[in-house]
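Single-structure report; data block below.
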Amino acid sequence: MGKVIAIILLIGIIAAAGFLILQQSGISDNTNNGDPLCSDANTPPLSFSVGSNISLDTVRANNTIESCFVIYEDKVYRIPASWICEHPGGRNEIESRCGQDVTSIFNQGQHGRAEENQLSTYYIGELAD
């Protein structure tokens with residue numbers, strides 16, 4: 001009986017190690033497939049300080065995966081390319097909305113407190129009047 005438990009534990013450890021190796025290498029990540037656009041290294045620096053008022057024109061101009069601004073409840077967020085590529089609903093769910101107000105789609109019931117907390121980490125400013 002002790003040998004069976006030891007073998008089961010060993011198999012579990014090997015499986016977990018294999019999974020971690022795949023995760024680290026990105027092989028099991030089918031969302032970005034090594035796409036260079038999914039790297040945050042391509043993101044240009046902000047031309048203003050965080051917390052500034054940001055015009056609607058500026059938000060609309062930042063409509064690519066490399067520089068994706070979205071509006072949620074009159075606040076502006078910069079979504080990193082790496083997160084766009086890892087979005088559980090698929091890359092297109094965010095990429096197609098870069099440069100837009102996402103308040104209504106965000107509030108349609110698929111997002112809760114955890115997603116709001118995640119979004120808050122990308123805050124860059126307030127939408128200017």
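The chains in the structure tokens are called A, B, ... from first to last as shown; in each chain the residues are counted from 1, and the ligands are counted from 1 in the order shown.
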Next on the checklist: Applying 6 Å and only C-alpha atoms, which residues near range 107-124 of chain A remain after dropping the ones on its own chain fewer than 5 positions away? List them as JSON, numbers by chain.
Outcome noted: {"A": [50, 51, 76, 77, 78]}
Selection export as a compact mmCIF listing (two decimals), in the first residue's frame, atoms kept: all heavy atoms:
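Resulting contents of again35.txt:
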# COMPACT_ATOMS: atom_id res chain seq x y z
N VAL A 50 0.45 59.91 -14.83
CA VAL A 50 -0.72 59.15 -14.40
C VAL A 50 -1.59 60.05 -13.53
O VAL A 50 -1.10 60.79 -12.69
CB VAL A 50 -0.29 57.88 -13.64
CG1 VAL A 50 -1.48 57.18 -13.01
CG2 VAL A 50 0.44 56.93 -14.57
N GLY A 51 -2.89 59.99 -13.76
CA GLY A 51 -3.85 60.81 -13.03
C GLY A 51 -4.27 62.06 -13.78
O GLY A 51 -5.13 62.79 -13.32
N VAL A 76 -9.77 56.38 -17.49
CA VAL A 76 -9.04 55.85 -18.63
C VAL A 76 -8.01 54.84 -18.14
O VAL A 76 -7.31 55.08 -17.15
CB VAL A 76 -8.35 56.98 -19.44
CG1 VAL A 76 -7.60 56.42 -20.63
CG2 VAL A 76 -9.37 58.02 -19.89
N TYR A 77 -7.95 53.73 -18.85
CA TYR A 77 -7.05 52.63 -18.50
C TYR A 77 -6.22 52.26 -19.72
O TYR A 77 -6.71 52.30 -20.84
CB TYR A 77 -7.86 51.40 -18.04
CG TYR A 77 -8.73 51.71 -16.85
CD1 TYR A 77 -10.01 52.22 -17.01
CD2 TYR A 77 -8.26 51.51 -15.56
CE1 TYR A 77 -10.80 52.52 -15.92
CE2 TYR A 77 -9.05 51.80 -14.46
CZ TYR A 77 -10.33 52.31 -14.65
OH TYR A 77 -11.11 52.62 -13.57
N ARG A 78 -4.98 51.91 -19.47
CA ARG A 78 -4.10 51.43 -20.53
C ARG A 78 -3.93 49.93 -20.32
O ARG A 78 -3.35 49.49 -19.33
CB ARG A 78 -2.75 52.12 -20.46
CG ARG A 78 -1.83 51.71 -21.58
CD ARG A 78 -0.50 52.40 -21.38
NE ARG A 78 0.18 52.52 -22.64
CZ ARG A 78 1.29 53.19 -22.81
NH1 ARG A 78 1.83 53.84 -21.79
NH2 ARG A 78 1.87 53.24 -23.96
Next on the checklist: Quick one: residues within 7 Å of Glu66 in chain A, only C-alpha atoms, excluding same-chain residues fewer than 4 positions away - as a PyMOL selection string?
Outcome noted: chain A and resi 37+42-43+81
Please produce a file of those selected residues containing N, CA, C and O atoms, as a PDB file, in the first residue's frame.
ATOM      1  N   LEU A  37       3.512  40.885 -30.927  1.00  0.00           N
ATOM      2  CA  LEU A  37       2.627  41.973 -30.513  1.00  0.00           C
ATOM      3  C   LEU A  37       2.135  41.794 -29.087  1.00  0.00           C
ATOM      4  O   LEU A  37       1.653  42.738 -28.471  1.00  0.00           O
ATOM      5  N   ASN A  42       6.788  46.513 -26.616  1.00  0.00           N
ATOM      6  CA  ASN A  42       6.422  47.376 -27.744  1.00  0.00           C
ATOM      7  C   ASN A  42       5.606  48.593 -27.308  1.00  0.00           C
ATOM      8  O   ASN A  42       5.282  49.443 -28.134  1.00  0.00           O
ATOM      9  N   THR A  43       5.264  48.676 -26.038  1.00  0.00           N
ATOM     10  CA  THR A  43       4.405  49.749 -25.549  1.00  0.00           C
ATOM     11  C   THR A  43       5.197  51.045 -25.380  1.00  0.00           C
ATOM     12  O   THR A  43       6.174  51.080 -24.640  1.00  0.00           O
ATOM     13  N   ALA A  81      -0.486  44.845 -23.659  1.00  0.00           N
ATOM     14  CA  ALA A  81      -0.605  43.858 -24.740  1.00  0.00           C
ATOM     15  C   ALA A  81      -0.599  42.440 -24.188  1.00  0.00           C
ATOM     16  O   ALA A  81      -1.349  41.576 -24.661  1.00  0.00           O
TER      17      ALA A  81
END
Item to check | For range 83-88 of chain A: contacts at 12 Å, only C-alpha atoms, fewer than 2 positions along chain excluded, given as an NGL selection string | outcome: :A and (26 or 29-40 or 64-70 or 78-81 or 90-98 or 110-111 or 115 or 118-119 or 121-122)
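Minimum distance to Leu46 in chain A across A:Gly125, A:Tyr72, A:Asp101, A:Gly89 (counting only C-alpha atoms) occurs at A:Gly125.
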Checklist entry - What does the distance between CA of Ser82 in chain A and CA of Ala41 in chain A come to in Å, to one decimal place? => result 9.5 Å
Next on the checklist: Going by DSSP on the backbone, which residues of range 49-96 of chain A come out as strand (DSSP E)? List them as an MDAnalysis selection string.
Outcome noted: chainID A and resid 52:54 68:72 75:79
Would you mind exporting all heavy atoms of the selected residues as a tab-separated table (two decimals), in the first residue's frame?
chain	number	residue	atom	x	y	z
A	52	SER	N	-3.67	62.29	-14.93
A	52	SER	CA	-4.01	63.46	-15.75
A	52	SER	C	-5.40	63.32	-16.35
A	52	SER	O	-5.96	62.23	-16.42
A	52	SER	CB	-3.01	63.60	-16.90
A	52	SER	OG	-1.72	63.81	-16.43
A	53	ASN	N	-5.93	64.44	-16.82
A	53	ASN	CA	-7.14	64.42	-17.63
A	53	ASN	C	-6.74	64.03	-19.04
A	53	ASN	O	-5.78	64.60	-19.59
A	53	ASN	CB	-7.84	65.77	-17.62
A	53	ASN	CG	-8.52	66.05	-16.29
A	53	ASN	OD1	-8.95	65.13	-15.60
A	53	ASN	ND2	-8.63	67.31	-15.94
A	54	ILE	N	-7.46	63.10	-19.62
A	54	ILE	CA	-7.12	62.57	-20.94
A	54	ILE	C	-8.31	62.81	-21.87
A	54	ILE	O	-9.45	62.44	-21.55
A	54	ILE	CB	-6.80	61.06	-20.84
A	54	ILE	CG1	-5.64	60.85	-19.85
A	54	ILE	CG2	-6.48	60.48	-22.21
A	54	ILE	CD1	-5.43	59.41	-19.44
A	68	CYS	N	-3.19	50.48	-26.01
A	68	CYS	CA	-4.63	50.30	-25.93
A	68	CYS	C	-5.20	51.04	-24.73
A	68	CYS	O	-4.98	50.64	-23.59
A	68	CYS	CB	-4.96	48.81	-25.84
A	68	CYS	SG	-6.72	48.47	-25.65
A	69	PHE	N	-5.90	52.14	-25.00
A	69	PHE	CA	-6.59	52.87	-23.95
A	69	PHE	C	-8.07	52.51	-24.04
A	69	PHE	O	-8.62	52.38	-25.13
A	69	PHE	CB	-6.48	54.38	-24.15
A	69	PHE	CG	-5.12	54.98	-23.90
A	69	PHE	CD1	-3.97	54.21	-23.75
A	69	PHE	CD2	-4.98	56.35	-23.82
A	69	PHE	CE1	-2.73	54.78	-23.53
A	69	PHE	CE2	-3.74	56.94	-23.61
A	69	PHE	CZ	-2.62	56.16	-23.45
A	70	VAL	N	-8.70	52.33	-22.89
A	70	VAL	CA	-10.14	52.13	-22.83
A	70	VAL	C	-10.71	53.03	-21.74
A	70	VAL	O	-10.00	53.42	-20.80
A	70	VAL	CB	-10.55	50.66	-22.57
A	70	VAL	CG1	-10.09	49.76	-23.71
A	70	VAL	CG2	-10.05	50.16	-21.23
A	71	ILE	N	-11.98	53.34	-21.88
A	71	ILE	CA	-12.69	54.14	-20.89
A	71	ILE	C	-13.65	53.22	-20.15
A	71	ILE	O	-14.37	52.43	-20.77
A	71	ILE	CB	-13.51	55.26	-21.56
A	71	ILE	CG1	-12.61	56.17	-22.38
A	71	ILE	CG2	-14.32	56.04	-20.53
A	71	ILE	CD1	-13.36	57.05	-23.38
A	72	TYR	N	-13.62	53.32	-18.83
A	72	TYR	CA	-14.59	52.61	-18.00
A	72	TYR	C	-15.05	53.58	-16.92
A	72	TYR	O	-14.24	54.04	-16.10
A	72	TYR	CB	-13.97	51.35	-17.37
A	72	TYR	CG	-14.91	50.65	-16.42
A	72	TYR	CD1	-16.06	50.02	-16.89
A	72	TYR	CD2	-14.65	50.64	-15.06
A	72	TYR	CE1	-16.93	49.39	-16.02
A	72	TYR	CE2	-15.51	50.00	-14.18
A	72	TYR	CZ	-16.65	49.39	-14.67
A	72	TYR	OH	-17.51	48.75	-13.80
A	75	LYS	N	-13.14	56.85	-16.43
A	75	LYS	CA	-11.72	56.72	-16.10
A	75	LYS	C	-11.04	56.05	-17.29
A	75	LYS	O	-11.66	55.27	-18.01
A	75	LYS	CB	-11.52	55.90	-14.83
A	75	LYS	CG	-12.12	56.57	-13.60
A	75	LYS	CD	-11.79	55.81	-12.35
A	75	LYS	CE	-12.36	56.38	-11.09
A	75	LYS	NZ	-12.60	57.77	-10.99
A	76	VAL	N	-9.77	56.38	-17.49
A	76	VAL	CA	-9.04	55.85	-18.63
A	76	VAL	C	-8.01	54.84	-18.14
A	76	VAL	O	-7.31	55.08	-17.15
A	76	VAL	CB	-8.35	56.98	-19.44
A	76	VAL	CG1	-7.60	56.42	-20.63
A	76	VAL	CG2	-9.37	58.02	-19.89
A	77	TYR	N	-7.95	53.73	-18.85
A	77	TYR	CA	-7.05	52.63	-18.50
A	77	TYR	C	-6.22	52.26	-19.72
A	77	TYR	O	-6.71	52.30	-20.84
A	77	TYR	CB	-7.86	51.40	-18.04
A	77	TYR	CG	-8.73	51.71	-16.85
A	77	TYR	CD1	-10.01	52.22	-17.01
A	77	TYR	CD2	-8.26	51.51	-15.56
A	77	TYR	CE1	-10.80	52.52	-15.92
A	77	TYR	CE2	-9.05	51.80	-14.46
A	77	TYR	CZ	-10.33	52.31	-14.65
A	77	TYR	OH	-11.11	52.62	-13.57
A	78	ARG	N	-4.98	51.91	-19.47
A	78	ARG	CA	-4.10	51.43	-20.53
A	78	ARG	C	-3.93	49.93	-20.32
A	78	ARG	O	-3.35	49.49	-19.33
A	78	ARG	CB	-2.75	52.12	-20.46
A	78	ARG	CG	-1.83	51.71	-21.58
A	78	ARG	CD	-0.50	52.40	-21.38
A	78	ARG	NE	0.18	52.52	-22.64
A	78	ARG	CZ	1.29	53.19	-22.81
A	78	ARG	NH1	1.83	53.84	-21.79
A	78	ARG	NH2	1.87	53.24	-23.96
A	79	ILE	N	-4.45	49.15	-21.26
A	79	ILE	CA	-4.43	47.70	-21.13
A	79	ILE	C	-3.16	47.17	-21.79
A	79	ILE	O	-2.93	47.39	-22.98
A	79	ILE	CB	-5.68	47.07	-21.80
A	79	ILE	CG1	-6.97	47.76	-21.34
A	79	ILE	CG2	-5.70	45.56	-21.52
A	79	ILE	CD1	-7.23	47.70	-19.87
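Using only C-alpha atoms for every distance, the candidate list A:Asn62, A:Gly99, A:Ala128, A:Glu73 yields A:Asn62 as the residue closest to Pro44 in chain A.
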